[in-house]
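Engineer: I'm passing along model-v8.csv; it holds CSV, C-alpha atoms.
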chain,number,residue,atom,x,y,z
A,588,MET,CA,71.7,129.4,85.6
A,589,SER,CA,69.8,126.8,87.5
A,590,PRO,CA,72.1,125.0,89.9
A,591,ILE,CA,70.3,121.7,89.9
A,592,LEU,CA,69.1,120.4,86.5
A,593,GLY,CA,68.2,116.9,87.4
A,594,THR,CA,67.6,115.2,90.8
A,595,LEU,CA,67.0,111.6,91.2
A,596,ALA,CA,65.4,110.0,94.2
A,597,SER,CA,67.2,107.6,96.4
A,598,GLN,CA,68.1,104.4,94.7
A,599,PHE,CA,68.4,102.3,97.8
A,600,SER,CA,65.7,103.3,100.2
A,601,GLY,CA,63.8,100.5,101.6
A,602,LYS,CA,66.9,98.2,102.1
A,603,PRO,CA,67.0,98.5,105.9
A,604,PHE,CA,69.9,96.2,106.8
A,605,SER,CA,72.9,98.1,105.4
A,606,SER,CA,74.7,101.0,107.2
A,607,PHE,CA,75.3,102.7,103.8
A,608,GLU,CA,72.4,104.4,102.1
A,609,SER,CA,71.8,106.6,99.1
A,610,ILE,CA,70.4,110.0,100.0
A,611,GLN,CA,70.3,111.9,96.7
A,612,THR,CA,71.8,112.0,93.2
A,613,VAL,CA,72.2,115.1,91.0
A,614,THR,CA,72.9,114.9,87.3
A,615,VAL,CA,73.6,118.0,85.3
A,616,GLY,CA,71.3,118.5,82.3
A,617,SER,CA,71.8,120.1,78.9
A,618,GLY,CA,73.2,123.6,79.2
A,619,GLY,CA,75.4,122.8,82.1
A,620,SER,CA,75.4,124.2,85.6
A,621,SER,CA,77.5,126.5,87.7
A,622,PHE,CA,77.2,124.2,90.7
A,623,ILE,CA,75.3,121.3,92.1
A,624,GLU,CA,73.8,121.3,95.6
A,625,PHE,CA,72.5,119.0,98.3
A,626,THR,CA,70.2,120.7,100.7
A,627,SER,CA,68.3,119.8,103.9
A,628,ILE,CA,70.8,116.9,104.5
A,629,SER,CA,69.3,114.6,107.1
A,630,SER,CA,71.0,114.4,110.5
A,631,SER,CA,70.2,110.7,110.8
A,632,TYR,CA,73.6,109.5,109.6
A,633,THR,CA,77.1,109.6,111.1
A,634,HIS,CA,79.2,110.2,108.0
A,635,LEU,CA,78.6,111.4,104.5
A,636,GLN,CA,80.2,110.2,101.3
A,637,ILE,CA,79.9,111.8,97.9
A,638,ARG,CA,80.7,109.9,94.7
A,639,GLY,CA,80.8,111.9,91.5
A,640,ILE,CA,82.0,112.4,88.0
A,641,ALA,CA,82.8,115.9,86.7
A,642,ARG,CA,83.7,117.6,83.5
A,643,SER,CA,84.1,121.3,82.9
A,644,ALA,CA,81.9,123.1,80.2
A,645,ASP,CA,84.9,125.2,79.3
A,646,ALA,CA,85.3,124.8,75.6
A,647,SER,CA,89.1,124.9,75.5
A,648,ALA,CA,91.4,121.9,76.0
A,649,GLY,CA,94.1,121.2,78.5
A,650,GLY,CA,92.5,119.9,81.7
A,651,ASN,CA,93.6,121.6,84.9
A,652,LEU,CA,90.2,123.0,85.9
A,653,ALA,CA,89.5,122.5,89.6
A,654,THR,CA,86.5,121.2,91.5
A,655,TYR,CA,85.6,122.7,94.9
A,656,ILE,CA,83.3,122.1,97.9
A,657,ARG,CA,81.4,124.6,100.1
A,658,PHE,CA,79.4,123.8,103.2
A,659,ASN,CA,76.2,125.5,104.5
A,660,GLY,CA,76.7,128.3,102.0
A,661,ASP,CA,79.7,129.7,103.9
A,662,THR,CA,81.5,132.0,101.5
A,663,ALA,CA,84.0,133.3,104.1
A,664,ALA,CA,87.7,132.4,104.0
A,665,ASN,CA,87.1,129.4,106.4
A,666,TYR,CA,88.6,126.7,104.2
A,667,SER,CA,92.1,125.2,103.9
A,668,PHE,CA,93.3,122.4,101.6
A,669,HIS,CA,96.3,120.2,100.9
A,670,GLN,CA,97.1,118.0,97.9
A,671,LEU,CA,99.2,114.9,97.1
A,672,ALA,CA,99.0,114.1,93.5
A,673,GLY,CA,100.7,112.7,90.4
A,674,ASN,CA,100.3,113.8,86.8
A,675,SER,CA,100.8,112.3,83.4
A,676,ALA,CA,104.3,113.8,83.3
A,677,GLY,CA,105.2,111.5,86.1
A,678,ALA,CA,105.6,114.3,88.6
A,679,ALA,CA,104.7,114.2,92.2
A,680,ILE,CA,102.7,117.3,93.2
A,681,SER,CA,102.3,118.7,96.7
A,682,SER,CA,100.4,121.9,97.4
A,683,ALA,CA,98.5,123.7,100.2
A,684,GLY,CA,96.3,126.7,100.8
A,685,ALA,CA,95.0,128.5,103.9
A,686,ASN,CA,92.1,130.9,104.4
A,687,GLN,CA,90.3,129.9,101.2
A,688,SER,CA,86.7,130.7,100.4
A,689,LEU,CA,86.2,127.2,98.8
A,690,GLY,CA,87.8,123.9,99.4
A,691,TYR,CA,89.7,122.2,96.5
A,692,VAL,CA,88.7,118.6,96.2
A,693,HIS,CA,90.2,118.0,92.7
A,694,HIS,CA,92.7,120.3,91.1
A,695,ALA,CA,92.8,119.4,87.4
A,696,GLY,CA,89.6,118.0,85.8
A,697,PRO,CA,88.9,117.7,82.1
A,698,ARG,CA,87.3,120.3,79.9
A,699,SER,CA,84.8,120.1,77.1
A,700,GLY,CA,87.7,120.7,74.7
A,701,ASP,CA,89.5,117.6,76.0
A,702,LEU,CA,89.0,114.0,75.1
A,703,ALA,CA,85.2,113.5,74.4
A,704,SER,CA,82.9,111.9,77.0
A,705,THR,CA,85.6,111.8,79.6
A,706,PHE,CA,85.0,112.8,83.3
A,707,SER,CA,87.1,112.9,86.4
A,708,ALA,CA,85.9,110.6,89.1
A,709,MET,CA,86.0,111.4,92.8
A,710,ILE,CA,85.0,110.0,96.2
A,711,LEU,CA,84.7,112.5,99.1
A,712,ASP,CA,84.4,111.4,102.7
A,713,ILE,CA,83.1,113.7,105.4
A,714,LEU,CA,83.4,112.0,108.8
A,715,ASP,CA,81.3,113.1,111.8
A,716,TYR,CA,79.5,115.7,109.7
A,717,LYS,CA,77.0,116.6,112.5
A,718,ASN,CA,79.5,116.6,115.3
A,719,THR,CA,79.4,120.1,116.8
A,720,ASN,CA,82.7,119.6,118.7
A,721,LYS,CA,84.7,119.4,115.4
A,722,PHE,CA,85.6,121.4,112.4
A,723,LYS,CA,84.8,119.3,109.3
A,724,THR,CA,87.6,117.5,107.5
A,725,VAL,CA,87.1,116.1,104.0
A,726,LYS,CA,89.2,113.4,102.4
A,727,SER,CA,89.0,113.4,98.6
A,728,PHE,CA,90.4,110.7,96.3
A,729,ALA,CA,90.0,111.9,92.7
A,730,GLY,CA,91.5,111.5,89.3
A,731,HIS,CA,91.1,111.1,85.6
A,732,SER,CA,92.9,109.8,82.5
A,733,LEU,CA,92.7,111.5,79.2
A,734,ASN,CA,94.2,108.6,77.3
A,735,ASN,CA,97.5,110.3,77.5
A,736,THR,CA,96.4,113.0,75.1
A,737,GLN,CA,96.2,115.8,77.7
A,738,THR,CA,97.2,116.2,81.3
A,739,SER,CA,95.9,113.4,83.5
A,740,ARG,CA,96.1,113.4,87.3
A,741,VAL,CA,95.3,111.3,90.4
A,742,GLY,CA,95.3,112.9,93.8
A,743,LEU,CA,94.5,112.6,97.5
A,744,ASN,CA,93.2,116.0,98.8
A,745,SER,CA,92.2,117.2,102.2
A,746,VAL,CA,89.9,120.1,103.0
A,747,ASN,CA,89.1,121.6,106.3
A,748,TRP,CA,86.0,123.8,107.0
A,749,ARG,CA,86.7,125.8,110.2
A,750,ASN,CA,83.2,125.6,111.6
A,751,THR,CA,81.7,123.3,114.2
A,752,SER,CA,78.1,123.5,112.8
A,753,ALA,CA,76.5,120.4,111.6
A,754,VAL,CA,76.6,120.2,107.8
A,755,THR,CA,73.2,120.7,106.4
A,756,SER,CA,74.0,121.7,102.8
A,757,ILE,CA,76.8,121.0,100.4
A,758,GLN,CA,77.6,122.9,97.2
A,759,ILE,CA,80.1,121.6,94.6
A,760,TYR,CA,81.6,123.9,92.1
A,761,GLN,CA,83.5,123.4,88.9
A,762,GLU,CA,85.8,125.9,87.2
A,763,GLY,CA,84.2,126.7,83.9
A,764,ASN,CA,80.9,125.3,85.1
A,765,PHE,CA,79.8,121.7,85.0
A,766,ALA,CA,79.2,120.1,81.6
A,767,GLN,CA,76.1,117.9,81.0
A,768,TYR,CA,76.1,114.5,82.6
A,769,SER,CA,78.3,115.5,85.4
A,770,THR,CA,76.8,113.5,88.3
A,771,PHE,CA,77.2,113.5,92.1
A,772,ALA,CA,75.6,111.1,94.5
A,773,LEU,CA,75.3,111.7,98.3
A,774,TYR,CA,75.4,108.7,100.6
A,775,GLY,CA,74.8,108.5,104.3
A,776,ILE,CA,76.7,106.1,106.6
A,777,LYS,CA,74.9,105.0,109.8
A,778,VAL,CA,76.1,103.7,113.0
B,117,MET,CA,72.0,93.6,100.0
B,118,ALA,CA,71.2,92.7,103.5
B,119,ASN,CA,74.1,93.4,105.8
B,120,THR,CA,76.4,94.3,102.9
B,121,TYR,CA,77.9,97.1,105.0
B,122,LYS,CA,77.3,97.0,108.7
B,123,LEU,CA,78.6,98.8,111.8
B,124,ILE,CA,80.3,96.3,114.1
B,125,SER,CA,81.5,98.7,116.8
B,126,SER,CA,82.4,102.3,117.4
B,127,VAL,CA,84.5,104.3,119.9
B,128,THR,CA,84.1,107.9,120.9
B,129,VAL,CA,87.0,109.2,123.1
B,130,GLY,CA,85.8,110.8,126.3
B,131,VAL,CA,87.2,113.5,128.6
B,132,GLY,CA,90.8,112.7,129.4
B,133,GLY,CA,91.6,110.9,126.2
B,134,THR,CA,92.7,107.4,125.7
B,135,ALA,CA,96.1,105.7,125.0
B,136,ASN,CA,94.7,103.7,122.1
B,137,ILE,CA,91.6,102.7,120.3
B,138,GLU,CA,90.9,98.9,120.3
B,139,PHE,CA,88.4,96.7,118.7
B,140,THR,CA,88.2,93.2,120.3
B,141,ASN,CA,86.3,90.0,119.6
B,142,ILE,CA,85.7,91.0,116.0
B,143,PRO,CA,83.1,88.7,114.5
B,144,GLN,CA,84.4,86.4,111.8
B,145,THR,CA,81.2,86.6,109.7
B,146,TYR,CA,82.2,89.3,107.2
B,147,THR,CA,84.4,89.3,104.1
B,148,ASP,CA,86.3,92.6,104.6
B,149,LEU,CA,86.6,95.2,107.4
B,150,GLN,CA,86.7,99.0,107.2
B,151,ILE,CA,87.7,101.5,109.9
B,152,LEU,CA,86.8,105.1,109.6
B,153,LEU,CA,89.0,107.1,112.0
B,154,SER,CA,88.8,110.8,113.0
B,155,GLY,CA,91.7,111.3,115.3
B,156,ARG,CA,93.7,113.9,117.1
B,157,ASP,CA,96.8,113.4,119.2
B,158,THR,CA,97.1,115.4,122.4
B,159,GLY,CA,100.9,115.6,121.9
B,160,ASN,CA,103.0,116.4,118.8
B,161,GLY,CA,102.7,113.0,117.2
B,162,ASP,CA,101.7,113.0,113.5
B,163,TRP,CA,101.2,109.3,113.0
B,164,PHE,CA,99.5,106.2,114.4
B,165,SER,CA,100.5,102.5,114.3
B,166,ILE,CA,98.3,99.5,114.1
B,167,ASN,CA,98.6,96.1,115.8
B,168,PHE,CA,96.6,93.1,114.8
B,169,ASN,CA,95.9,90.4,117.4
B,170,ASN,CA,98.2,92.3,119.8
B,171,SER,CA,101.1,91.7,117.4
B,172,SER,CA,103.4,94.5,116.1
B,173,SER,CA,105.6,92.0,114.1
B,174,ASN,CA,105.6,91.1,110.4
B,175,PHE,CA,104.3,94.3,109.0
B,176,THR,CA,105.6,95.8,105.7
B,177,ALA,CA,104.3,98.8,103.7
B,178,ARG,CA,104.8,101.0,100.7
B,179,GLN,CA,103.8,104.7,101.2
B,180,PHE,CA,103.2,107.8,99.1
B,181,PHE,CA,103.3,110.8,101.4
B,182,THR,CA,103.4,114.6,101.5
B,183,ASN,CA,103.9,117.1,104.3
B,184,GLY,CA,102.3,119.9,102.4
B,185,SER,CA,105.5,121.0,100.6
B,186,ALA,CA,107.1,117.9,99.0
B,187,ALA,CA,106.1,114.4,98.1
B,188,TYR,CA,107.9,111.2,99.1
B,189,SER,CA,107.8,107.5,98.6
B,190,TYR,CA,108.7,105.1,101.5
B,191,VAL,CA,109.3,101.4,102.1
B,192,LYS,CA,108.7,100.3,105.7
B,193,SER,CA,109.2,97.1,107.6
B,194,ASP,CA,107.5,97.8,110.9
B,195,ALA,CA,104.0,98.5,112.3
B,196,ASN,CA,104.7,102.2,113.0
B,197,GLU,CA,103.6,105.2,111.1
B,198,GLN,CA,100.8,103.6,109.1
B,199,GLY,CA,98.5,106.6,108.9
B,200,VAL,CA,98.3,110.2,110.2
B,201,ASN,CA,96.6,112.1,113.1
B,202,ASN,CA,96.1,115.7,113.7
B,203,ASN,CA,98.1,117.0,116.7
B,204,THR,CA,98.3,120.0,119.0
B,205,SER,CA,100.4,121.9,116.6
B,206,THR,CA,97.5,122.0,114.1
B,207,THR,CA,94.3,124.1,113.9
B,208,ALA,CA,92.1,123.6,117.0
B,209,ASN,CA,89.1,121.4,116.8
B,210,THR,CA,90.5,119.7,113.7
B,211,PHE,CA,90.7,115.9,113.3
B,212,SER,CA,92.2,113.6,110.8
B,213,ASN,CA,90.1,111.7,108.2
B,214,THR,CA,91.3,108.1,107.6
B,215,SER,CA,90.0,104.9,106.0
B,216,ILE,CA,91.6,101.6,106.8
B,217,TYR,CA,90.4,98.8,104.5
B,218,ILE,CA,91.3,95.2,105.4
B,219,THR,CA,90.6,92.5,102.9
B,220,ASN,CA,89.8,88.9,103.6
B,221,TYR,CA,90.6,89.3,107.3
B,222,THR,CA,89.4,85.8,108.2
B,223,SER,CA,91.6,84.0,105.6
B,224,SER,CA,94.5,81.8,106.4
B,225,GLY,CA,96.8,83.8,104.1
B,226,ASN,CA,98.7,86.9,104.6
B,227,LYS,CA,96.5,90.0,105.2
B,228,SER,CA,96.7,92.8,102.6
B,229,TYR,CA,95.2,96.2,103.6
B,230,SER,CA,95.3,99.8,102.5
B,231,ILE,CA,95.1,103.1,104.3
B,232,ASP,CA,94.3,106.5,102.9
B,233,SER,CA,94.8,109.1,105.6
B,234,ILE,CA,94.9,112.9,105.8
B,235,THR,CA,95.3,115.6,108.3
B,236,GLU,CA,94.3,119.3,107.9
B,237,ASN,CA,95.7,122.6,109.1
B,238,ASN,CA,95.1,126.2,108.2
B,239,ALA,CA,98.8,126.5,107.4
B,240,SER,CA,101.2,125.0,104.9
B,241,THR,CA,102.0,121.9,106.9
B,242,ALA,CA,99.6,118.9,106.9
B,243,TYR,CA,100.0,115.3,105.9
B,244,GLN,CA,98.4,113.1,103.3
B,245,VAL,CA,99.5,109.5,103.0
B,246,LEU,CA,98.5,106.5,100.8
B,247,SER,CA,99.7,103.2,102.2
B,248,SER,CA,99.6,99.7,100.9
B,249,LEU,CA,100.4,97.2,103.7
B,250,LEU,CA,100.9,93.6,104.5
B,251,TRP,CA,100.6,91.7,107.7
B,252,SER,CA,102.4,88.4,107.1
B,253,ASN,CA,100.4,86.2,109.4
B,254,SER,CA,98.0,83.3,108.7
B,255,ASN,CA,95.7,84.0,111.7
B,256,ALA,CA,92.3,85.5,111.3
B,257,ILE,CA,92.2,89.1,112.6
B,258,SER,CA,90.1,89.3,115.8
B,259,ASN,CA,91.6,92.3,117.5
B,260,ILE,CA,92.7,95.7,116.1
B,261,LYS,CA,94.6,98.3,118.1
B,262,ILE,CA,95.3,101.8,116.9
B,263,ILE,CA,98.1,103.6,118.8
B,264,PRO,CA,98.9,107.3,118.4
B,265,SER,CA,102.6,108.1,118.0
B,266,GLY,CA,102.9,111.2,120.2
B,267,SER,CA,100.7,111.0,123.3
B,268,ILE,CA,97.1,109.9,123.5
B,269,PHE,CA,93.9,110.2,121.4
B,270,ALA,CA,92.2,113.5,122.3
B,271,GLN,CA,88.6,113.8,123.4
B,272,TYR,CA,86.1,113.6,120.5
B,273,SER,CA,88.3,111.3,118.4
B,274,THR,CA,86.1,108.7,116.9
B,275,ALA,CA,86.6,105.3,115.2
B,276,TYR,CA,84.0,103.1,113.6
B,277,LEU,CA,84.5,99.5,112.5
B,278,TYR,CA,82.3,98.3,109.7
B,279,GLY,CA,82.0,94.7,108.3
B,280,ILE,CA,81.5,94.3,104.6
B,281,SER,CA,80.0,91.1,103.3
B,282,ASN,CA,80.0,89.7,99.7
B,283,ALA,CA,77.2,87.4,100.5
As structure tokens, how would this structure be written, given the file I've shared?
Structural biologist:
Amino acid sequence: MSPILGTLASQFSGKPFSSFESIQTVTVGSGGSSFIEFTSISSSYTHLQIRGIARSADASAGGNLATYIRFNGDTAANYSFHQLAGNSAGAAISSAGANQSLGYVHHAGPRSGDLASTFSAMILDILDYKNTNKFKTVKSFAGHSLNNTQTSRVGLNSVNWRNTSAVTSIQIYQEGNFAQYSTFALYGIKV
Amino acid sequence: MANTYKLISSVTVGVGGTANIEFTNIPQTYTDLQILLSGRDTGNGDWFSINFNNSSSNFTARQFFTNGSAAYSYVKSDANEQGVNNNTSTTANTFSNTSIYITNYTSSGNKSYSIDSITENNASTAYQVLSSLLWSNSNAISNIKIIPSGSIFAQYSTAYLYGISNA
């Protein structure tokens, strides 16, 4: 399955006076996609931010399908994560995982069998992404509401990639694959 | 769009660390401020405090917080423990990821701001905290000091101050 089904050029290039610039946007086309990917990420920024909406192509209902991040194609168990969240049952959720092969950025997104046309929304911040003195730490603020018909959730997640290499590519995965119209935009923040 | 989001100043901590990170003489030409902080404490401190205009008085906060195993909600009435830093007990080379967003920092009203802050660790214990905060003071903010709770900021800690304009 093709990982990238639609790629839009930068929307904001040519506006030279802001420190916040669009790099690339990926929108999943018909047929879905197992992951989306940003490659050959420029080293001309200081931080990266990803803003996205996601929905799983899984045909069943019930939410609870996770979204993950991977850097530079590293499939080894070099990721850890932690989660602070609340769900539609009013429960506060706390969880953690060490030595993972992917980093959880949202634990419980909607499926195609859930409320129609509804996506989770997320903002991922990656500070100092090219700093070779640091492992890379991601902060993810994500959530969705399914109009109280199925499980909804809001969460603050953290992910650590135990590698000091500069980030040059990012893959984002969705349990059950991404449904059409899932969209992720990569931004660069300059000094 | 010009100057909508603009770097004002940045700090990269050098060899030997630093007791605090401070932004001084902040220009009064923006609408909001944002600080992006990647911090590590050379001691066992998990938190940082913030002072505005060299004041640690008249701060209040509501926080939603986890240590990796349970979630808590707090009410606070001081300037301490506003966000979290990695420390020496956590995975090497790992730094926090924090956003501090200060609205209407030049206004003559009280200053509302928010902090979302996380640490990481390849183990069960790490901290995530969402804070809504208020500095009850009518003075415009011209100075921001970030102070680690344990020892000092470690080498390679960074902080970036951005100005956001609605004009």
Engineer: Can I get the residues of chain A within 9 Å of chain B, each with the closest pair of atoms and their distance in Å to one decimal, using all atoms listed in the file, sorted chain first then ascending number, as CSV?
Structural biologist:
residue,atom,partner,partner_atom,distance
A:Lys602,CA,B:Ala118,CA,7.1
A:Pro603,CA,B:Ala118,CA,7.6
A:Phe604,CA,B:Ala118,CA,5.0
A:Ser605,CA,B:Asn119,CA,4.9
A:Ser606,CA,B:Lys122,CA,5.0
A:Phe607,CA,B:Tyr121,CA,6.3
A:Asn665,CA,B:Asn238,CA,8.8
A:Tyr666,CA,B:Asn238,CA,7.6
A:Ser667,CA,B:Asn238,CA,5.3
A:Phe668,CA,B:Glu236,CA,7.1
A:His669,CA,B:Gly184,CA,6.2
A:Gln670,CA,B:Gly184,CA,7.1
A:Leu671,CA,B:Thr182,CA,6.1
A:Ala672,CA,B:Ala187,CA,8.5
A:Ala679,CA,B:Ala187,CA,6.1
A:Ile680,CA,B:Ala187,CA,6.6
A:Ser681,CA,B:Ala186,CA,5.4
A:Ser682,CA,B:Gly184,CA,5.7
A:Ala683,CA,B:Ser240,CA,5.6
A:Gly684,CA,B:Ser240,CA,6.6
A:Ala685,CA,B:Asn238,CA,4.9
A:Asn686,CA,B:Asn238,CA,6.7
A:Asp712,CA,B:Asn213,CA,7.9
A:Ile713,CA,B:Asn213,CA,7.8
A:Leu714,CA,B:Asn213,CA,6.7
A:Asp715,CA,B:Ser154,CA,7.9
A:Asn718,CA,B:Tyr272,CA,8.9
A:Asn720,CA,B:Asn209,CA,6.9
A:Lys721,CA,B:Asn209,CA,5.0
A:Phe722,CA,B:Thr210,CA,5.3
A:Lys723,CA,B:Thr210,CA,7.2
A:Thr724,CA,B:Asn213,CA,6.4
A:Val725,CA,B:Asn213,CA,6.8
A:Lys726,CA,B:Asn213,CA,6.1
A:Phe728,CA,B:Asp232,CA,8.7
A:Leu743,CA,B:Gln244,CA,7.0
A:Asn744,CA,B:Gln244,CA,7.5
A:Ser745,CA,B:Ile234,CA,6.2
A:Val746,CA,B:Glu236,CA,6.6
A:Asn747,CA,B:Glu236,CA,5.9
A:Arg749,CA,B:Thr210,CA,8.0
A:Asn750,CA,B:Asn209,CA,8.9
A:Thr751,CA,B:Asn209,CA,8.1
A:Lys777,CA,B:Leu123,CA,7.5
A:Val778,CA,B:Leu123,CA,5.6
Engineer: Can those selected residues be exported to a file as a short mmCIF file (atom, residue, chain, number, x, y, z; two decimals), in the coordinates of the input so that it contains C-alpha atoms?
Structural biologist:
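Written output follows (again-v8.cif):
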data_model
loop_
_atom_site.label_atom_id
_atom_site.label_comp_id
_atom_site.auth_asym_id
_atom_site.auth_seq_id
_atom_site.Cartn_x
_atom_site.Cartn_y
_atom_site.Cartn_z
CA LYS A 602 66.90 98.20 102.10
CA PRO A 603 67.00 98.50 105.90
CA PHE A 604 69.90 96.20 106.80
CA SER A 605 72.90 98.10 105.40
CA SER A 606 74.70 101.00 107.20
CA PHE A 607 75.30 102.70 103.80
CA ASN A 665 87.10 129.40 106.40
CA TYR A 666 88.60 126.70 104.20
CA SER A 667 92.10 125.20 103.90
CA PHE A 668 93.30 122.40 101.60
CA HIS A 669 96.30 120.20 100.90
CA GLN A 670 97.10 118.00 97.90
CA LEU A 671 99.20 114.90 97.10
CA ALA A 672 99.00 114.10 93.50
CA ALA A 679 104.70 114.20 92.20
CA ILE A 680 102.70 117.30 93.20
CA SER A 681 102.30 118.70 96.70
CA SER A 682 100.40 121.90 97.40
CA ALA A 683 98.50 123.70 100.20
CA GLY A 684 96.30 126.70 100.80
CA ALA A 685 95.00 128.50 103.90
CA ASN A 686 92.10 130.90 104.40
CA ASP A 712 84.40 111.40 102.70
CA ILE A 713 83.10 113.70 105.40
CA LEU A 714 83.40 112.00 108.80
CA ASP A 715 81.30 113.10 111.80
CA ASN A 718 79.50 116.60 115.30
CA ASN A 720 82.70 119.60 118.70
CA LYS A 721 84.70 119.40 115.40
CA PHE A 722 85.60 121.40 112.40
CA LYS A 723 84.80 119.30 109.30
CA THR A 724 87.60 117.50 107.50
CA VAL A 725 87.10 116.10 104.00
CA LYS A 726 89.20 113.40 102.40
CA PHE A 728 90.40 110.70 96.30
CA LEU A 743 94.50 112.60 97.50
CA ASN A 744 93.20 116.00 98.80
CA SER A 745 92.20 117.20 102.20
CA VAL A 746 89.90 120.10 103.00
CA ASN A 747 89.10 121.60 106.30
CA ARG A 749 86.70 125.80 110.20
CA ASN A 750 83.20 125.60 111.60
CA THR A 751 81.70 123.30 114.20
CA LYS A 777 74.90 105.00 109.80
CA VAL A 778 76.10 103.70 113.00
#
Engineer: Using all atoms listed in the file for the distances, tell me which of A:Tyr691, A:Tyr716, A:Phe625, A:Tyr760 is nearest to Gly742 (chain A).
Structural biologist: A:Tyr691
Engineer: Excluding Ile776 (chain A) and its own-chain neighbours fewer than 4 positions away, which residues fall within 7 Å of it when counting only C-alpha atoms? Please give them as a list in words.
Structural biologist: Ser606, Phe607, Glu608, Tyr632, Thr633, His634 and Leu635 of chain A
Engineer: Write a file of the just-selected residues containing C-alpha atoms, as a short mmCIF file (atom, residue, chain, number, x, y, z; two decimals), in the frame of the given file.
Structural biologist:
data_model
loop_
_atom_site.label_atom_id
_atom_site.label_comp_id
_atom_site.auth_asym_id
_atom_site.auth_seq_id
_atom_site.Cartn_x
_atom_site.Cartn_y
_atom_site.Cartn_z
CA SER A 606 74.70 101.00 107.20
CA PHE A 607 75.30 102.70 103.80
CA GLU A 608 72.40 104.40 102.10
CA TYR A 632 73.60 109.50 109.60
CA THR A 633 77.10 109.60 111.10
CA HIS A 634 79.20 110.20 108.00
CA LEU A 635 78.60 111.40 104.50
#
Engineer: Have a look at CA of Ser173 (chain B) and CA of Asp194 (chain B) and let me know their distance in Å, one decimal.
Structural biologist: 6.9 Å
Engineer: Would you please work out which residue, of B:Tyr190, B:Phe175, B:Phe168, B:Tyr221, is nearest to Gln150 (chain B) when using all atoms listed in the file?
Structural biologist: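 Selected residue with least distance to Gln150 (chain B): B:Tyr221.
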Engineer: Quote the spacing between CA of Ala653 (chain A) and CA of Val692 (chain A) in Å to one decimal place.
Structural biologist: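 Straight-line distance from CA of Ala653 (chain A) to CA of Val692 (chain A) works out to 7.7 Å.
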